[in-house]
Amino acid sequence: MHIRTRFAPSPTGFIHLGNLRSALYPWAFARHNKGDFILRIEDTDLERSTQEAVDVIIEGMSWLGLDLDEGPIYQMQRIDRYREVVKQMLDAGLAYPCYMSEEELNQLRDQQMANKEKPRYNGLWRPEPGKTLPQIPEGVNPVIRFKNPIGGSVIWNDAVKGQIEISNDELDDLVIARPDGTPTYNFCVVIDDMDMKITHVIRGDDHVNNTPRQINIMKALGGTPPVYAHLPTVLNDLGEKMSKRNGAMSVRDYQKAGYLPEAILNYLARLGWSHGDAEVFTKEQFVGWFDLESLGRSPAQHNPEKLLWLNHQYIQNADPAKLAESTKPFAHELGIDTESGPDFIQVVGLLKDRANTLIEIA
Ligand code: GLU
């Protein structure tokens, strides 16, 4: 099998280290297996997606040396393809138009909640043999719903979490296209993963709930679901979900703070994956060792002191000439002339054993 993985970020705002870890693992898995690694930008949420976030992702990946075989592929440029598949599914009876208004849906939900039932779509517009559908209301643009299988369950063997089984009764008929025809998130992911021939989906475990829906659509379209590996979250040093609000630094912040990309890569590699008790290793070693079996099963916790310690290791062991080159921009920032004083490489060579960051050297 030719392995193909992808990193599929939504460019919506702040990109922290935990986000880049979701790029590192599929990249390493592809490189280890001599496969392909694809970057797909999930930018269909027009209100929240920004070019700035796309730039941070692409810069961050290239800073860490996570090279691409394909992409970036932007979902917004594939809208026609998604619409085409929606049409094919309608024609094949795999999907159907639903004219239930927002108001009716809310009413249904209130009623179900009052009866202590789980709110879900009741299948009113789902065609079945021998069933008469309601009269189509005038002037209403329908949503398109996927005809989820009834009965049975979806089972997959998650490479991190083990076997997961979700009953189809838990899943209602997913909206795959909105009244204006735009495709929805879960649907685009399926079409992309199929079209891009992705063999291994390695992503955050906030997507576990989406997986049974995606598998059902994929199977209905005749596809073979990929292997899924759902990564536990990265928590901050206080054990909270990482976010800008609680002080997470962006990838650019680390660059500006004088961290070396090698140290960040090594650090991220260990944030949810291990190889024996190896702590300091090269990128080549990491790629050589990487496997899905050694991914951690519990949330990883960000440890800024460990990152600083690793950065020190990389600075201490760096080649002085290379290190001097990396330090120059930081020195220039402080107004230091690196050309006419004592030999800058020798100065850096003297200081590197004591420094944790390039700023400290400068
Ligand atoms: N775009 C999703 C995110 O940023 C990831 C989707 C996926 O990997 O399937 O969380």
# chains A, B, ... in the order shown; residues from 1 in each chain; ligands from 1
>>> residues_near_ligand(ligand="ligand 1", cutoff="10 Å", atoms="only C-alpha atoms and all ligand atoms", output="PyMOL selection string")
chain A and resi 6-12+15+19+22-23+40-44+185-186+188-190+192-193+201-208+210-211+214+228+230
>>> write_last_selection(atoms="N, CA and C atoms", output="mmCIF file, in the first residue's frame")
data_model
loop_
_atom_site.group_PDB
_atom_site.id
_atom_site.type_symbol
_atom_site.label_atom_id
_atom_site.label_comp_id
_atom_site.auth_asym_id
_atom_site.auth_seq_id
_atom_site.Cartn_x
_atom_site.Cartn_y
_atom_site.Cartn_z
ATOM 1 N N ARG A 6 -2.458 13.346 5.472
ATOM 2 C CA ARG A 6 -2.691 14.774 5.271
ATOM 3 C C ARG A 6 -2.772 15.504 6.596
ATOM 4 N N PHE A 7 -2.478 16.801 6.518
ATOM 5 C CA PHE A 7 -2.740 17.726 7.615
ATOM 6 C C PHE A 7 -3.807 18.653 7.068
ATOM 7 N N ALA A 8 -4.918 18.771 7.810
ATOM 8 C CA ALA A 8 -6.073 19.488 7.256
ATOM 9 C C ALA A 8 -6.547 20.593 8.199
ATOM 10 N N PRO A 9 -5.707 21.599 8.426
ATOM 11 C CA PRO A 9 -6.085 22.626 9.406
ATOM 12 C C PRO A 9 -7.191 23.548 8.897
ATOM 13 N N SER A 10 -7.986 24.035 9.837
ATOM 14 C CA SER A 10 -8.919 25.118 9.540
ATOM 15 C C SER A 10 -8.182 26.408 9.911
ATOM 16 N N PRO A 11 -7.973 27.291 8.955
ATOM 17 C CA PRO A 11 -7.174 28.486 9.250
ATOM 18 C C PRO A 11 -8.003 29.543 9.974
ATOM 19 N N THR A 12 -8.434 29.194 11.161
ATOM 20 C CA THR A 12 -9.330 30.090 11.882
ATOM 21 C C THR A 12 -8.635 30.580 13.135
ATOM 22 N N ILE A 15 -2.675 29.817 15.807
ATOM 23 C CA ILE A 15 -2.056 28.507 15.572
ATOM 24 C C ILE A 15 -1.001 28.280 16.666
ATOM 25 N N ASN A 19 -1.355 22.615 17.561
ATOM 26 C CA ASN A 19 -1.865 22.505 16.183
ATOM 27 C C ASN A 19 -0.794 21.935 15.261
ATOM 28 N N SER A 22 -0.238 18.243 15.109
ATOM 29 C CA SER A 22 -1.143 17.511 14.207
ATOM 30 C C SER A 22 -0.625 17.479 12.778
ATOM 31 N N ALA A 23 0.365 18.294 12.477
ATOM 32 C CA ALA A 23 1.021 18.224 11.168
ATOM 33 C C ALA A 23 2.225 17.280 11.238
ATOM 34 N N ARG A 40 -3.920 20.292 3.276
ATOM 35 C CA ARG A 40 -5.237 20.697 2.799
ATOM 36 C C ARG A 40 -5.774 21.774 3.731
ATOM 37 N N ILE A 41 -6.097 22.912 3.171
ATOM 38 C CA ILE A 41 -6.591 24.023 3.989
ATOM 39 C C ILE A 41 -8.120 23.988 4.000
ATOM 40 N N GLU A 42 -8.700 23.785 5.173
ATOM 41 C CA GLU A 42 -10.157 23.657 5.291
ATOM 42 C C GLU A 42 -10.759 25.033 5.585
ATOM 43 N N ASP A 43 -10.944 25.765 4.505
ATOM 44 C CA ASP A 43 -11.280 27.189 4.624
ATOM 45 C C ASP A 43 -12.729 27.499 4.249
ATOM 46 N N THR A 44 -13.620 26.506 4.389
ATOM 47 C CA THR A 44 -14.999 26.773 3.961
ATOM 48 C C THR A 44 -15.768 27.634 4.964
ATOM 49 N N TYR A 185 -19.144 20.851 6.370
ATOM 50 C CA TYR A 185 -17.806 20.443 6.758
ATOM 51 C C TYR A 185 -17.523 18.934 6.637
ATOM 52 N N ASN A 186 -18.355 18.117 7.318
ATOM 53 C CA ASN A 186 -18.088 16.668 7.324
ATOM 54 C C ASN A 186 -18.116 16.060 5.924
ATOM 55 N N CYS A 188 -17.312 17.649 3.008
ATOM 56 C CA CYS A 188 -16.099 18.022 2.254
ATOM 57 C C CYS A 188 -14.914 17.149 2.661
ATOM 58 N N VAL A 189 -14.814 16.883 3.964
ATOM 59 C CA VAL A 189 -13.701 16.063 4.462
ATOM 60 C C VAL A 189 -13.724 14.682 3.787
ATOM 61 N N VAL A 190 -14.932 14.100 3.692
ATOM 62 C CA VAL A 190 -15.046 12.768 3.097
ATOM 63 C C VAL A 190 -14.632 12.788 1.624
ATOM 64 N N ASP A 192 -12.785 14.890 0.059
ATOM 65 C CA ASP A 192 -11.343 15.145 -0.068
ATOM 66 C C ASP A 192 -10.526 13.902 0.277
ATOM 67 N N ASP A 193 -10.848 13.286 1.402
ATOM 68 C CA ASP A 193 -10.056 12.114 1.794
ATOM 69 C C ASP A 193 -10.153 11.023 0.726
ATOM 70 N N VAL A 201 -5.716 8.725 8.351
ATOM 71 C CA VAL A 201 -6.142 10.030 8.867
ATOM 72 C C VAL A 201 -5.642 10.133 10.309
ATOM 73 N N ILE A 202 -4.672 11.002 10.502
ATOM 74 C CA ILE A 202 -4.095 11.195 11.836
ATOM 75 C C ILE A 202 -4.484 12.609 12.249
ATOM 76 N N ARG A 203 -5.339 12.739 13.256
ATOM 77 C CA ARG A 203 -5.869 14.058 13.598
ATOM 78 C C ARG A 203 -6.287 14.097 15.057
ATOM 79 N N GLY A 204 -6.682 15.274 15.509
ATOM 80 C CA GLY A 204 -7.051 15.456 16.914
ATOM 81 C C GLY A 204 -8.304 14.664 17.283
ATOM 82 N N ASP A 205 -8.385 14.271 18.549
ATOM 83 C CA ASP A 205 -9.522 13.432 18.928
ATOM 84 C C ASP A 205 -10.816 14.220 19.114
ATOM 85 N N ASP A 206 -10.773 15.525 18.850
ATOM 86 C CA ASP A 206 -12.041 16.276 18.820
ATOM 87 C C ASP A 206 -12.856 15.859 17.592
ATOM 88 N N HIS A 207 -12.270 15.046 16.718
ATOM 89 C CA HIS A 207 -12.997 14.606 15.523
ATOM 90 C C HIS A 207 -13.539 13.185 15.614
ATOM 91 N N VAL A 208 -13.404 12.569 16.784
ATOM 92 C CA VAL A 208 -13.913 11.195 16.940
ATOM 93 C C VAL A 208 -15.409 11.142 16.628
ATOM 94 N N ASN A 210 -17.113 12.888 14.617
ATOM 95 C CA ASN A 210 -17.400 13.037 13.187
ATOM 96 C C ASN A 210 -17.119 11.747 12.415
ATOM 97 N N THR A 211 -16.260 10.916 12.975
ATOM 98 C CA THR A 211 -15.758 9.768 12.225
ATOM 99 C C THR A 211 -16.853 8.797 11.763
ATOM 100 N N GLN A 214 -18.574 10.241 8.823
ATOM 101 C CA GLN A 214 -17.718 10.279 7.632
ATOM 102 C C GLN A 214 -17.587 8.875 7.029
ATOM 103 N N TYR A 228 -7.863 5.332 10.920
ATOM 104 C CA TYR A 228 -7.958 6.557 11.712
ATOM 105 C C TYR A 228 -7.073 6.448 12.943
ATOM 106 N N HIS A 230 -6.667 8.893 16.205
ATOM 107 C CA HIS A 230 -7.126 10.134 16.851
ATOM 108 C C HIS A 230 -6.235 10.488 18.037
#
>>> select_by_dssp(residues="stretch 97-192 of chain A", states="strand (DSSP E or B)", output="PyMOL selection string")
chain A and resi 97-98+143-146+153-158+162-167+175-177+183
>>> closest_residue(among="A:Ile136, A:Met61, A:Ile215, A:Ile198", to="A:Val154", atoms="only C-alpha atoms")
A:Ile215
>>> closest_residue(among="A:Glu305, A:Glu333, A:Glu84, A:Glu284", to="A:Thr182", atoms="only C-alpha atoms")
A:Glu84
>>> atom_distance(atom1="atom CA of A:Leu46", atom2="atom CA of A:Trp63")
26.9 Å
>>> select_by_dssp(residues="stretch 170-283 of chain A", states="helix (DSSP H, G or I)", output="PyMOL selection string")
chain A and resi 170+185-195+205-220+251-256+261-270+283
>>> closest_residue(among="A:Asn356, A:Thr199, A:Gln285, A:Asn141", to="A:Gly223", atoms="only C-alpha atoms")
A:Thr199
>>> closest_residue(among="A:Val160, A:Gly93, A:Asn246, A:Gly65", to="A:Glu128", atoms="only C-alpha atoms")
A:Gly93
>>> closest_residue(among="A:Ile315, A:Ile166, A:Val287, A:Met113", to="A:Arg31", atoms="only C-alpha atoms")
A:Val287
>>> residues_around(residues="A:Ala324", least_positions_apart="2", cutoff="10 Å", atoms="only C-alpha atoms", output="PyMOL selection string")
chain A and resi 318-322+326-329+331+338+344-349+352+358+361-362
>>> write_last_selection(atoms="all heavy atoms", output="short mmCIF file (atom, residue, chain, number, x, y, z; two decimals), in the first residue's frame")
data_model
loop_
_atom_site.label_atom_id
_atom_site.label_comp_id
_atom_site.auth_asym_id
_atom_site.auth_seq_id
_atom_site.Cartn_x
_atom_site.Cartn_y
_atom_site.Cartn_z
N ALA A 318 25.19 22.71 18.85
CA ALA A 318 25.16 23.21 17.48
C ALA A 318 26.55 23.55 16.97
O ALA A 318 27.46 23.86 17.76
CB ALA A 318 24.26 24.44 17.40
N ASP A 319 26.69 23.49 15.68
CA ASP A 319 27.92 23.93 15.03
C ASP A 319 28.00 25.46 15.17
O ASP A 319 27.04 26.16 14.81
CB ASP A 319 27.84 23.51 13.56
CG ASP A 319 28.85 24.24 12.71
OD1 ASP A 319 30.03 24.17 13.04
OD2 ASP A 319 28.43 24.90 11.73
N PRO A 320 29.13 26.00 15.73
CA PRO A 320 29.20 27.44 16.02
C PRO A 320 28.90 28.32 14.80
O PRO A 320 28.23 29.35 14.94
CB PRO A 320 30.64 27.64 16.49
CG PRO A 320 31.07 26.31 16.99
CD PRO A 320 30.34 25.29 16.18
N ALA A 321 29.39 27.92 13.63
CA ALA A 321 29.19 28.77 12.46
C ALA A 321 27.70 28.85 12.12
O ALA A 321 27.17 29.93 11.83
CB ALA A 321 29.97 28.21 11.27
N LYS A 322 27.04 27.70 12.20
CA LYS A 322 25.60 27.68 11.89
C LYS A 322 24.81 28.46 12.94
O LYS A 322 23.90 29.23 12.63
CB LYS A 322 25.11 26.22 11.86
CG LYS A 322 24.42 25.85 10.56
CD LYS A 322 23.80 24.46 10.62
CE LYS A 322 22.29 24.58 10.60
NZ LYS A 322 21.62 23.38 11.09
N SER A 326 22.33 31.85 12.76
CA SER A 326 20.97 31.95 13.29
C SER A 326 20.86 33.05 14.34
O SER A 326 19.79 33.61 14.56
CB SER A 326 20.54 30.63 13.94
OG SER A 326 20.83 29.54 13.13
N THR A 327 21.98 33.34 15.01
CA THR A 327 21.94 34.35 16.08
C THR A 327 21.99 35.78 15.54
O THR A 327 21.50 36.71 16.17
CB THR A 327 23.12 34.13 17.06
OG1 THR A 327 23.11 32.77 17.49
CG2 THR A 327 23.02 35.02 18.28
N LYS A 328 22.60 35.93 14.36
CA LYS A 328 22.81 37.28 13.82
C LYS A 328 21.57 38.17 13.82
O LYS A 328 21.63 39.31 14.30
CB LYS A 328 23.40 37.20 12.40
CG LYS A 328 24.92 37.18 12.41
CD LYS A 328 25.48 37.21 11.01
CE LYS A 328 26.98 36.95 11.09
NZ LYS A 328 27.54 36.66 9.75
N PRO A 329 20.44 37.69 13.29
CA PRO A 329 19.26 38.58 13.28
C PRO A 329 18.89 39.08 14.68
O PRO A 329 18.47 40.23 14.83
CB PRO A 329 18.14 37.70 12.73
CG PRO A 329 18.80 36.54 12.08
CD PRO A 329 20.15 36.40 12.68
N ALA A 331 21.02 39.52 17.19
CA ALA A 331 22.04 40.49 17.59
C ALA A 331 21.77 41.83 16.90
O ALA A 331 21.82 42.89 17.53
CB ALA A 331 23.43 39.97 17.23
N THR A 338 27.83 42.74 14.12
CA THR A 338 28.45 41.41 14.21
C THR A 338 29.63 41.26 13.27
O THR A 338 30.26 40.21 13.21
CB THR A 338 27.41 40.32 13.87
OG1 THR A 338 26.85 40.63 12.59
CG2 THR A 338 26.31 40.26 14.90
N PHE A 344 32.62 36.79 15.24
CA PHE A 344 31.30 36.49 15.82
C PHE A 344 31.11 34.99 16.08
O PHE A 344 30.49 34.59 17.06
CB PHE A 344 30.19 37.04 14.91
CG PHE A 344 28.84 37.08 15.58
CD1 PHE A 344 28.61 37.87 16.71
CD2 PHE A 344 27.78 36.33 15.09
CE1 PHE A 344 27.37 37.90 17.34
CE2 PHE A 344 26.53 36.34 15.72
CZ PHE A 344 26.33 37.14 16.85
N ILE A 345 31.67 34.18 15.19
CA ILE A 345 31.54 32.72 15.36
C ILE A 345 32.22 32.28 16.66
O ILE A 345 31.69 31.49 17.43
CB ILE A 345 32.12 31.96 14.14
CG1 ILE A 345 31.31 32.33 12.89
CG2 ILE A 345 32.12 30.46 14.37
CD1 ILE A 345 31.84 31.76 11.60
N GLN A 346 33.39 32.87 16.92
CA GLN A 346 34.10 32.51 18.16
C GLN A 346 33.34 32.97 19.39
O GLN A 346 33.28 32.27 20.40
CB GLN A 346 35.50 33.13 18.15
CG GLN A 346 36.47 32.31 17.33
CD GLN A 346 37.90 32.85 17.45
OE1 GLN A 346 38.22 33.59 18.38
NE2 GLN A 346 38.72 32.50 16.48
N VAL A 347 32.74 34.16 19.29
CA VAL A 347 31.97 34.69 20.42
C VAL A 347 30.80 33.76 20.72
O VAL A 347 30.59 33.36 21.87
CB VAL A 347 31.46 36.12 20.10
CG1 VAL A 347 30.53 36.61 21.21
CG2 VAL A 347 32.63 37.07 19.93
N VAL A 348 30.10 33.39 19.66
CA VAL A 348 28.95 32.49 19.84
C VAL A 348 29.41 31.15 20.41
O VAL A 348 28.79 30.59 21.30
CB VAL A 348 28.19 32.32 18.49
CG1 VAL A 348 27.18 31.18 18.57
CG2 VAL A 348 27.49 33.62 18.11
N GLY A 349 30.55 30.68 19.91
CA GLY A 349 31.11 29.41 20.40
C GLY A 349 31.39 29.46 21.89
O GLY A 349 31.21 28.48 22.61
N LYS A 352 27.70 29.59 23.84
CA LYS A 352 26.58 28.65 23.58
C LYS A 352 26.33 27.66 24.72
O LYS A 352 25.21 27.23 24.92
CB LYS A 352 26.76 27.93 22.24
CG LYS A 352 27.87 26.91 22.19
CD LYS A 352 28.04 26.44 20.75
CE LYS A 352 29.16 25.45 20.63
NZ LYS A 352 28.76 24.06 20.74
N LEU A 358 18.51 31.86 21.49
CA LEU A 358 19.36 32.71 20.65
C LEU A 358 19.36 34.14 21.19
O LEU A 358 20.36 34.85 21.07
CB LEU A 358 18.86 32.69 19.22
CG LEU A 358 18.88 31.31 18.52
CD1 LEU A 358 18.34 31.42 17.09
CD2 LEU A 358 20.29 30.72 18.52
N ILE A 361 22.04 34.40 23.77
CA ILE A 361 23.37 34.53 23.15
C ILE A 361 23.57 35.97 22.71
O ILE A 361 24.61 36.57 22.98
CB ILE A 361 23.54 33.59 21.94
CG1 ILE A 361 23.36 32.13 22.37
CG2 ILE A 361 24.92 33.78 21.31
CD1 ILE A 361 23.58 31.14 21.24
N ALA A 362 22.56 36.51 22.03
CA ALA A 362 22.68 37.88 21.51
C ALA A 362 22.89 38.85 22.67
O ALA A 362 23.74 39.75 22.57
CB ALA A 362 21.43 38.24 20.73
#
>>> closest_residue(among="A:Leu260, A:Leu271, A:Val234, A:Leu17", to="A:Asn311", atoms="only C-alpha atoms")
A:Leu260
>>> residues_around(residues="A:Val86", least_positions_apart="6", cutoff="10 Å", atoms="only C-alpha atoms", output="list in words")
Asp80, Ala92, Leu94, Ala95, Tyr96, Ile144, Arg145, Phe146, Ile176, Ala177, Gly181, Thr182, Pro183 and Phe187 of chain A
>>> write_last_selection(atoms="C-alpha atoms", output="compact mmCIF listing (two decimals), in the first residue's frame")
# COMPACT_ATOMS: atom_id res chain seq x y z
CA ASP A 80 -17.74 22.59 -7.72
CA ALA A 92 -28.49 7.69 -6.74
CA LEU A 94 -28.17 8.29 -1.28
CA ALA A 95 -29.31 11.76 -0.25
CA TYR A 96 -32.57 13.68 -0.31
CA ILE A 144 -29.73 18.06 1.39
CA ARG A 145 -29.48 15.24 3.89
CA PHE A 146 -27.49 12.04 3.70
CA ILE A 176 -24.48 17.65 3.50
CA ALA A 177 -25.52 20.83 1.66
CA GLY A 181 -26.07 24.73 -2.01
CA THR A 182 -22.81 25.12 -0.07
CA PRO A 183 -21.48 21.79 1.19
CA PHE A 187 -19.07 16.12 3.72
>>> residues_around(residues="stretch 277-280 of chain A", least_positions_apart="3", cutoff="12 Å", atoms="only C-alpha atoms", output="PyMOL selection string")
chain A and resi 262-271+273-274+283-286+289+294+306-307+309-314+317
>>> write_last_selection(atoms="N, CA and C atoms", output="compact mmCIF listing (two decimals), in the first residue's frame")
# COMPACT_ATOMS: atom_id res chain seq x y z
N GLU A 262 14.83 22.79 15.30
CA GLU A 262 15.16 21.39 15.64
C GLU A 262 14.66 21.05 17.05
N ALA A 263 14.78 22.03 17.96
CA ALA A 263 14.35 21.79 19.34
C ALA A 263 12.83 21.69 19.41
N ILE A 264 12.15 22.56 18.67
CA ILE A 264 10.68 22.53 18.67
C ILE A 264 10.21 21.20 18.09
N LEU A 265 10.83 20.78 17.00
CA LEU A 265 10.42 19.52 16.36
C LEU A 265 10.61 18.35 17.33
N ASN A 266 11.76 18.31 17.97
CA ASN A 266 12.05 17.24 18.93
C ASN A 266 11.02 17.28 20.08
N TYR A 267 10.75 18.49 20.54
CA TYR A 267 9.81 18.65 21.65
C TYR A 267 8.41 18.17 21.26
N LEU A 268 7.95 18.61 20.09
CA LEU A 268 6.61 18.23 19.63
C LEU A 268 6.51 16.72 19.40
N ALA A 269 7.59 16.15 18.91
CA ALA A 269 7.60 14.71 18.65
C ALA A 269 7.29 13.95 19.94
N ARG A 270 7.85 14.42 21.04
CA ARG A 270 7.69 13.73 22.33
C ARG A 270 6.37 14.08 23.04
N LEU A 271 5.66 15.04 22.48
CA LEU A 271 4.41 15.49 23.10
C LEU A 271 3.28 14.54 22.67
N TRP A 273 4.10 11.03 21.91
CA TRP A 273 4.71 9.88 21.24
C TRP A 273 6.03 9.60 21.95
N SER A 274 6.45 8.35 22.00
CA SER A 274 7.74 8.07 22.62
C SER A 274 8.43 6.90 21.94
N LYS A 283 15.92 14.71 13.68
CA LYS A 283 14.74 14.56 12.84
C LYS A 283 14.77 13.21 12.10
N GLU A 284 15.97 12.83 11.65
CA GLU A 284 16.12 11.57 10.91
C GLU A 284 15.80 10.39 11.81
N GLN A 285 16.28 10.45 13.05
CA GLN A 285 15.98 9.37 13.99
C GLN A 285 14.47 9.30 14.23
N PHE A 286 13.88 10.46 14.41
CA PHE A 286 12.43 10.50 14.66
C PHE A 286 11.67 9.83 13.51
N TRP A 289 12.07 6.12 13.52
CA TRP A 289 11.41 5.40 14.62
C TRP A 289 9.90 5.53 14.60
N SER A 294 3.21 3.66 18.98
CA SER A 294 3.83 4.32 20.14
C SER A 294 3.22 5.68 20.45
N LYS A 306 10.73 22.08 29.90
CA LYS A 306 11.35 21.02 29.13
C LYS A 306 11.74 21.53 27.74
N LEU A 307 10.87 22.34 27.18
CA LEU A 307 11.17 22.90 25.86
C LEU A 307 12.42 23.78 25.92
N TRP A 309 14.83 23.54 28.10
CA TRP A 309 15.95 22.62 28.32
C TRP A 309 16.41 22.00 26.99
N LEU A 310 15.43 21.58 26.19
CA LEU A 310 15.76 20.98 24.89
C LEU A 310 16.44 22.01 24.00
N ASN A 311 15.93 23.23 24.03
CA ASN A 311 16.51 24.29 23.20
C ASN A 311 17.98 24.48 23.58
N HIS A 312 18.23 24.45 24.90
CA HIS A 312 19.61 24.56 25.37
C HIS A 312 20.47 23.42 24.82
N GLN A 313 19.94 22.20 24.87
CA GLN A 313 20.69 21.05 24.34
C GLN A 313 21.09 21.29 22.88
N TYR A 314 20.12 21.77 22.09
CA TYR A 314 20.40 21.97 20.67
C TYR A 314 21.38 23.11 20.45
N ASN A 317 24.95 21.92 21.43
CA ASN A 317 25.55 20.97 20.51
C ASN A 317 25.63 21.46 19.07
>>> residues_around(residues="A:Glu52", least_positions_apart="3", cutoff="9 Å", atoms="only C-alpha atoms", output="PDB file with N, CA, C and O atoms, in the first residue's frame")
ATOM      1  N   PRO A  11      -7.973  27.291   8.955  1.00  0.00           N
ATOM      2  CA  PRO A  11      -7.174  28.486   9.250  1.00  0.00           C
ATOM      3  C   PRO A  11      -8.003  29.543   9.974  1.00  0.00           C
ATOM      4  O   PRO A  11      -8.255  30.617   9.443  1.00  0.00           O
ATOM      5  N   GLY A  13      -7.841  31.630  12.949  1.00  0.00           N
ATOM      6  CA  GLY A  13      -7.254  32.265  14.118  1.00  0.00           C
ATOM      7  C   GLY A  13      -5.914  31.697  14.514  1.00  0.00           C
ATOM      8  O   GLY A  13      -5.077  31.377  13.689  1.00  0.00           O
ATOM      9  N   SER A  49     -12.149  32.009   8.629  1.00  0.00           N
ATOM     10  CA  SER A  49     -10.857  31.705   8.010  1.00  0.00           C
ATOM     11  C   SER A  49     -10.134  32.996   7.613  1.00  0.00           C
ATOM     12  O   SER A  49     -10.752  33.921   7.119  1.00  0.00           O
ATOM     13  N   ASP A  55      -0.960  31.692   6.377  1.00  0.00           N
ATOM     14  CA  ASP A  55       0.466  32.026   6.301  1.00  0.00           C
ATOM     15  C   ASP A  55       1.232  31.465   7.496  1.00  0.00           C
ATOM     16  O   ASP A  55       2.331  30.926   7.343  1.00  0.00           O
ATOM     17  N   VAL A  56       0.649  31.618   8.694  1.00  0.00           N
ATOM     18  CA  VAL A  56       1.321  31.118   9.895  1.00  0.00           C
ATOM     19  C   VAL A  56       1.522  29.603   9.802  1.00  0.00           C
ATOM     20  O   VAL A  56       2.584  29.079  10.135  1.00  0.00           O
ATOM     21  N   ILE A  57       0.508  28.904   9.314  1.00  0.00           N
ATOM     22  CA  ILE A  57       0.595  27.439   9.191  1.00  0.00           C
ATOM     23  C   ILE A  57       1.699  27.061   8.207  1.00  0.00           C
ATOM     24  O   ILE A  57       2.583  26.240   8.505  1.00  0.00           O
TER      25      ILE A  57
END
